[in-house]
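Colleague: I'd like to ask some things about the structure below.
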Amino acid sequence: MTTNIQTAGQHRRAARPRWRPATPVALLLLGGVFATALLAPIPAGPNAARAEVVERVEAKLPGWAIIRTDASWEGAWSVVAACGQKRLGFQVVPGHGLAPGDAWINPEDGYSRIRLRTVSDHSTYLVWLDEHRGRTLPCRSELARPQDELPRGRGFD
């Protein structure tokens with residue numbers, strides 16, 4: 001009696017074929033899945049913080065082409081702007097002890113420091129305040145400026 005039950009169960013198992021890929025094929029399939037995951041673009045929506053930084057830089061540096069705006073540390077933004085062959089590299093750091101809407105400006109090099117002094121909204125620090133004070137550095141005037149001419153005035157160092 002038990003023989004009929006056992007043979008019926010054995011026939012059912014034998015009737016169902018199991019497909020198992022060989023190990024090399026499975027590894028190739030897994031590698032393909034990982035390669036697709038690495039190469040597929042990650043969708044990104046509009047970035048309101050980046051748009052605000054770009055708008056502020058365009059207001060302070062009219063006519064300059066913003067080459068790069070990348071997120072940096074703790075809400076800061078790394079910006080590179082170009083006017084002809086001249087480049088300004090700096091960080092815009094909103095907050096960090098300032099009122100909402102205000103931002104510290106950290107120049108990348110000496111040229112950027114000298115140029116950004118002219119658009120700072122504070123007489124001692126490189127700061128852009130939320131209320132725009134009208135200080136700008138137009139690209140046209142920068143292109144017209146002789147290369148060896150440096151602005152005189154406030155010292156920040």
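The chains in the structure tokens are called A, B, ... from first to last as shown; in each chain the residues are counted from 1, and the ligands are counted from 1 in the order shown.
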Contacts of A:Glu142 at 9 Å or less, counting only C-alpha atoms, minus same-chain residues fewer than 5 places along, as number ranges by chain?
Modeller: A: 83, 86, 137
Colleague: Using N, CA and C atoms, can you export the residues from the last selection as a PDB file, in the first residue's frame?
Modeller:
ATOM      1  N   CYS A  83      34.437  84.490 -17.732  1.00  0.00           N
ATOM      2  CA  CYS A  83      34.214  85.683 -18.546  1.00  0.00           C
ATOM      3  C   CYS A  83      35.414  85.768 -19.481  1.00  0.00           C
ATOM      4  N   LYS A  86      39.017  84.558 -18.336  1.00  0.00           N
ATOM      5  CA  LYS A  86      39.123  84.712 -16.889  1.00  0.00           C
ATOM      6  C   LYS A  86      38.140  83.799 -16.182  1.00  0.00           C
ATOM      7  N   LEU A 137      29.694  92.739 -10.694  1.00  0.00           N
ATOM      8  CA  LEU A 137      30.923  92.691 -11.474  1.00  0.00           C
ATOM      9  C   LEU A 137      30.548  92.214 -12.877  1.00  0.00           C
TER      10      LEU A 137
END
Colleague: For stretch 117-132 of chain A, please output as a list in words all residues within 9 Å (counting only C-alpha atoms; exclusion window: fewer than 2 positions along the same chain).
Modeller: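 Everything that qualifies: Arg56, Ala59, Lys60, Leu61, Val92, Leu98, Ala99, Pro100, Gly101, Asp102, Ala103, Trp104, Ile105, Asn106, Pro107, Ser112, Arg113, Ile114, Arg115, Gly134, Arg135, Thr136, Leu137, Pro151, Arg154, Gly155 and Phe156 of chain A.
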Colleague: Could you pull out the strand (DSSP E or B) residues of stretch 10-145 of chain A, going by DSSP on the backbone, and write them as a PyMOL selection string?
Modeller: chain A and resi 65-71+77-83+86-94+103-107+127-128
Colleague: Where does DSSP see helix (DSSP H, G or I) in stretch 87-157 of chain A, if you list the residues as a compact mmCIF listing (two decimals) with N, CA, C and O atoms, in the first residue's frame?
Modeller:
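So out24.txt came out as:
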# COMPACT_ATOMS: atom_id res chain seq x y z
N GLY A 110 43.73 83.85 -5.37
CA GLY A 110 43.93 85.28 -5.16
C GLY A 110 43.15 86.15 -6.14
O GLY A 110 42.59 87.18 -5.76
N TYR A 111 43.13 85.75 -7.41
CA TYR A 111 42.38 86.52 -8.39
C TYR A 111 40.90 86.57 -8.02
O TYR A 111 40.27 87.63 -8.04
N SER A 112 40.35 85.43 -7.66
CA SER A 112 38.93 85.38 -7.27
C SER A 112 38.67 86.22 -6.04
O SER A 112 37.66 86.92 -5.94
N ARG A 113 39.60 86.20 -5.08
CA ARG A 113 39.44 87.00 -3.87
C ARG A 113 39.39 88.49 -4.20
O ARG A 113 38.54 89.22 -3.72
N ILE A 114 40.30 88.93 -5.05
CA ILE A 114 40.36 90.35 -5.41
C ILE A 114 39.09 90.77 -6.14
O ILE A 114 38.50 91.81 -5.86
N ARG A 115 38.64 89.95 -7.09
CA ARG A 115 37.46 90.30 -7.87
C ARG A 115 36.20 90.27 -7.02
O ARG A 115 35.31 91.10 -7.16
N LEU A 116 36.08 89.28 -6.12
CA LEU A 116 34.87 89.15 -5.31
C LEU A 116 34.79 90.21 -4.21
O LEU A 116 33.72 90.43 -3.65
N ARG A 117 35.90 90.84 -3.89
CA ARG A 117 35.84 91.95 -2.92
C ARG A 117 34.92 93.05 -3.42
O ARG A 117 34.24 93.70 -2.63
N CYS A 139 30.61 91.27 -16.75
CA CYS A 139 31.63 90.64 -17.59
C CYS A 139 32.25 91.67 -18.54
O CYS A 139 33.45 91.67 -18.76
N ARG A 140 31.44 92.59 -19.06
CA ARG A 140 31.95 93.60 -19.99
C ARG A 140 33.05 94.45 -19.34
O ARG A 140 34.07 94.72 -19.94
N SER A 141 32.81 94.88 -18.11
CA SER A 141 33.83 95.71 -17.46
C SER A 141 35.06 94.88 -17.11
O SER A 141 36.17 95.40 -17.10
N GLU A 142 34.87 93.61 -16.85
CA GLU A 142 36.02 92.75 -16.55
C GLU A 142 36.86 92.52 -17.79
O GLU A 142 38.09 92.48 -17.72
N LEU A 143 36.22 92.37 -18.94
CA LEU A 143 36.96 92.21 -20.19
C LEU A 143 37.69 93.48 -20.57
O LEU A 143 38.76 93.44 -21.19
N ALA A 144 37.14 94.65 -20.22
CA ALA A 144 37.76 95.93 -20.56
C ALA A 144 38.91 96.29 -19.63
O ALA A 144 39.73 97.13 -19.96
Colleague: Could you name the residues that touch A:Ala51 at 12 Å or less, counting only C-alpha atoms, but leaving out those on the same chain fewer than 4 positions away, as a PyMOL selection string?
Modeller: chain A and resi 45-47+55-58+66+69-71+77
Colleague: Keeping only N, CA, C and O atoms, take the residues you just selected and write them out as a compact mmCIF listing (two decimals), in the first residue's frame.
Modeller:
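Just written: part-v1.txt:
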# COMPACT_ATOMS: atom_id res chain seq x y z
N GLY A 45 15.54 65.28 -10.37
CA GLY A 45 14.55 66.33 -10.58
C GLY A 45 15.18 67.70 -10.44
O GLY A 45 16.38 67.84 -10.24
N PRO A 46 14.40 68.74 -10.53
CA PRO A 46 14.93 70.09 -10.36
C PRO A 46 15.45 70.31 -8.94
O PRO A 46 14.88 69.81 -7.98
N ASN A 47 16.53 71.04 -8.84
CA ASN A 47 17.16 71.30 -7.56
C ASN A 47 16.94 72.77 -7.22
O ASN A 47 17.56 73.66 -7.81
N GLU A 55 20.89 81.78 -9.53
CA GLU A 55 20.22 83.07 -9.65
C GLU A 55 21.02 84.16 -8.92
O GLU A 55 21.20 85.27 -9.44
N ARG A 56 21.52 83.84 -7.74
CA ARG A 56 22.28 84.82 -6.97
C ARG A 56 23.60 85.17 -7.66
O ARG A 56 23.99 86.34 -7.73
N VAL A 57 24.29 84.15 -8.19
CA VAL A 57 25.55 84.39 -8.89
C VAL A 57 25.30 85.20 -10.15
O VAL A 57 26.06 86.13 -10.45
N GLU A 58 24.25 84.90 -10.89
CA GLU A 58 23.94 85.67 -12.09
C GLU A 58 23.61 87.12 -11.76
O GLU A 58 23.91 88.01 -12.54
N ILE A 66 28.22 80.65 -16.09
CA ILE A 66 28.43 79.74 -14.95
C ILE A 66 28.77 78.37 -15.52
O ILE A 66 27.93 77.70 -16.13
N THR A 69 28.30 74.37 -11.09
CA THR A 69 27.70 74.61 -9.78
C THR A 69 27.48 73.24 -9.15
O THR A 69 26.57 72.53 -9.55
N ASP A 70 28.32 72.88 -8.21
CA ASP A 70 28.24 71.56 -7.58
C ASP A 70 27.99 71.71 -6.09
O ASP A 70 28.53 72.61 -5.44
N ALA A 71 27.21 70.79 -5.56
CA ALA A 71 27.00 70.75 -4.11
C ALA A 71 28.32 70.40 -3.45
O ALA A 71 29.06 69.55 -3.92
N TRP A 77 27.99 75.47 -1.89
CA TRP A 77 28.01 75.22 -3.32
C TRP A 77 29.33 75.70 -3.90
O TRP A 77 29.78 76.81 -3.61
Colleague: Could you work out how far atom CA of A:Ala49 lies from atom CA of A:His96, giving the answer in Å with one decimal?
Modeller: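 Rounded to one decimal, the two atoms are 15.6 Å apart.
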